[in-house]
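Text of run_1.pdb (PDB, C-alpha atoms) as supplied:
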ATOM      1  CA  MET A   1     185.792 306.029  -6.319
ATOM      2  CA  ALA A   2     186.181 306.036  -2.532
ATOM      3  CA  LYS A   3     184.174 308.520  -0.525
ATOM      4  CA  LYS A   4     186.289 311.002   1.456
ATOM      5  CA  LYS A   5     185.976 310.861   5.218
ATOM      6  CA  ARG A   6     184.800 313.989   7.052
ATOM      7  CA  TYR A   7     186.600 315.032  10.252
ATOM      8  CA  LEU A   8     185.672 317.812  12.684
ATOM      9  CA  THR A   9     188.281 319.623  14.744
ATOM     10  CA  ALA A  10     187.858 321.834  17.801
ATOM     11  CA  THR A  11     190.714 324.037  18.990
ATOM     12  CA  MET A  12     190.190 325.313  22.527
ATOM     13  CA  PRO A  13     191.578 328.655  23.782
ATOM     14  CA  ASP A  14     194.192 326.824  25.906
ATOM     15  CA  GLY A  15     195.536 325.041  22.794
ATOM     16  CA  TYR A  16     193.844 321.671  23.341
ATOM     17  CA  VAL A  17     192.770 320.114  20.029
ATOM     18  CA  LYS A  18     189.976 317.529  19.775
ATOM     19  CA  THR A  19     189.294 315.694  16.502
ATOM     20  CA  ILE A  20     185.975 313.941  15.918
ATOM     21  CA  GLY A  21     185.465 311.513  13.087
ATOM     22  CA  PRO A  22     185.169 310.208  10.617
ATOM     23  CA  THR A  23     181.544 311.309  10.853
ATOM     24  CA  SER A  24     178.589 312.359   8.761
ATOM     25  CA  ALA A  25     176.800 313.904  11.774
ATOM     26  CA  PRO A  26     175.855 317.588  11.396
ATOM     27  CA  PHE A  27     177.780 318.846  14.445
ATOM     28  CA  THR A  28     178.838 322.516  14.405
ATOM     29  CA  HIS A  29     180.124 323.186  17.944
ATOM     30  CA  TYR A  30     182.161 321.489  20.680
ATOM     31  CA  TRP A  31     181.664 322.187  24.384
ATOM     32  CA  ARG A  32     183.870 321.394  27.358
ATOM     33  CA  ILE A  33     183.372 321.661  31.111
ATOM     34  CA  VAL A  34     186.379 321.564  33.425
ATOM     35  CA  ALA A  35     185.065 320.934  36.938
ATOM     36  CA  HIS A  36     187.373 321.930  39.794
ATOM     37  CA  LEU A  37     186.644 319.434  42.569
ATOM     38  CA  GLY A  38     188.964 320.759  45.252
ATOM     39  CA  GLY A  39     192.370 319.630  46.395
ATOM     40  CA  GLY A  40     193.794 320.350  42.937
ATOM     41  CA  ARG A  41     191.595 317.694  41.311
ATOM     42  CA  THR A  42     189.663 318.304  38.098
ATOM     43  CA  GLU A  43     187.244 316.359  35.962
ATOM     44  CA  VAL A  44     186.512 317.075  32.285
ATOM     45  CA  PHE A  45     183.202 316.614  30.488
ATOM     46  CA  TRP A  46     182.766 317.292  26.776
ATOM     47  CA  GLY A  47     180.420 316.865  23.884
ATOM     48  CA  HIS A  48     179.338 318.224  20.528
ATOM     49  CA  ALA A  49     176.174 319.938  19.377
ATOM     50  CA  LYS A  50     174.288 320.685  16.180
ATOM     51  CA  SER A  51     174.089 324.431  16.911
ATOM     52  CA  LEU A  52     175.575 327.140  19.107
ATOM     53  CA  ARG A  53     172.214 327.462  20.839
ATOM     54  CA  GLU A  54     172.202 323.757  21.722
ATOM     55  CA  ALA A  55     175.777 323.941  23.045
ATOM     56  CA  GLU A  56     175.077 327.066  25.134
ATOM     57  CA  GLY A  57     172.035 325.289  26.578
ATOM     58  CA  LYS A  58     174.395 323.018  28.507
ATOM     59  CA  LYS A  59     175.472 325.987  30.625
ATOM     60  CA  ALA A  60     172.323 326.078  32.783
ATOM     61  CA  ALA A  61     172.519 322.340  33.421
ATOM     62  CA  THR A  62     176.176 322.759  34.370
ATOM     63  CA  ALA A  63     175.329 325.285  37.085
ATOM     64  CA  ASP A  64     172.863 322.781  38.582
ATOM     65  CA  ALA A  65     175.441 319.967  38.388
ATOM     66  CA  ALA A  66     178.037 322.136  40.125
ATOM     67  CA  ARG A  67     175.690 322.776  43.055
ATOM     68  CA  GLN A  68     174.598 319.133  43.322
ATOM     69  CA  ARG A  69     178.112 317.725  43.170
ATOM     70  CA  GLY A  70     179.818 320.384  45.282
ATOM     71  CA  TRP A  71     182.318 321.608  42.694
ATOM     72  CA  GLU A  72     184.439 324.554  43.850
ATOM     73  CA  ARG A  73     184.051 326.103  40.402
ATOM     74  CA  TYR A  74     183.915 325.161  36.739
ATOM     75  CA  ASP A  75     184.958 326.491  33.358
ATOM     76  CA  PHE A  76     182.468 326.150  30.496
ATOM     77  CA  GLU A  77     183.717 326.704  26.941
ATOM     78  CA  VAL A  78     182.164 326.413  23.485
ATOM     79  CA  VAL A  79     184.039 326.609  20.165
ATOM     80  CA  ALA A  80     183.007 326.171  16.545
ATOM     81  CA  LEU A  81     184.162 323.001  14.800
ATOM     82  CA  SER A  82     186.228 323.204  11.612
ATOM     83  CA  GLU A  83     185.707 320.611   8.912
ATOM     84  CA  SER A  84     188.315 318.711   6.912
ATOM     85  CA  PHE A  85     188.287 315.713   4.615
ATOM     86  CA  GLY A  86     190.760 312.876   4.677
TER      87      GLY A  86
END
Produce structure tokens that represent the structure in this file.
Amino acid sequence: MAKKKRYLTATMPDGYVKTIGPTSAPFTHYWRIVAHLGGGRTEVFWGHAKSLREAEGKKAATADAARQRGWERYDFEVVALSESFG
């Protein structure tokens, strides 16, 4: 019998949906940084983490990156991943 594939889905507050998988990795949270570069330009960075604590840990590094790169501002978001099987 074929093994079912595990997919992880993150739904961001703005409605953006990111699906990760198939995977067997123990990820629980998805994080996203939207860097506002100036002149209406943005850059997006994202990743997944094995815990909320790990995901929130990216926030301090993001503040340093913003200063080093001269971002006007940034939005940092973390959401829990939901699991489905396909």
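Restricting the calculation to only C-alpha atoms, the smallest distance between Gly38 in chain A and any of A:Glu54, A:Asp14, A:Asp64, A:Glu72 is found for A:Glu72.
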Top pick for closest residue to Ala65 in chain A, considering A:Thr11, A:Thr23, A:Ile33, A:Arg6 and counting all atoms listed in the file
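Counting all atoms listed in the file, the residue closest to Ala65 in chain A is A:Ile33.
Interatomic distance, CA of Arg73 in chain A against CA of Val17 in chain A: 23.0 Å.
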Best match for closeness to Gly57 in chain A among A:Phe76, A:Tyr16, A:Tyr7, A:Phe27, counting all atoms listed in the file
A:Phe76
Taking 3 positions as the minimum chain separation for residues in the same chain, which residues sit within 12 Å of Lys18 in chain A when counting only C-alpha atoms? Answer as a PyMOL selection string.
chain A and resi 7-15+21+29-32+46-48+79-82
Within 9 Å of Pro26 in chain A, counting only C-alpha atoms, which residues show up once you throw out same-chain ones fewer than 6 positions away? Write them as a ChimeraX atom specification, please.
/A:49-51
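Taking CA of Ala55 in chain A and CA of Ser24 in chain A as endpoints, the distance between them is 18.6 Å.
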As an exercise, work out the distance from CA of Ile20 in chain A to CA of Ala61 in chain A in Å and give it to one decimal place.
23.6 Å
Pick from A:Thr62, A:Arg69, A:Gly40, A:Lys4 nearest to Pro22 in chain A, counting all atoms listed in the file:
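Among the listed residues, the smallest separation from Pro22 in chain A belongs to A:Lys4.
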Could you pull the residues within 10 Å of Val44 in chain A, counting all atoms listed in the file, minus those fewer than 3 positions along the same chain, as a ChimeraX atom specification?
/A:32-36,74-75
Give the padded box for range 64-72 of chain A as JSON: axis-aligned, covering all atoms listed in the file, 5 Å on each side, centre and edge lengths in Å to one decimal.
{"center_x": 178.7, "center_y": 321.1, "center_z": 41.8, "size_x": 21.6, "size_y": 16.8, "size_z": 16.9}
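Distances here use all atoms listed in the file; by that measure, the residue among A:Trp71, A:Leu52, A:Ala66, A:Thr19 closest to Leu37 in chain A is A:Trp71.
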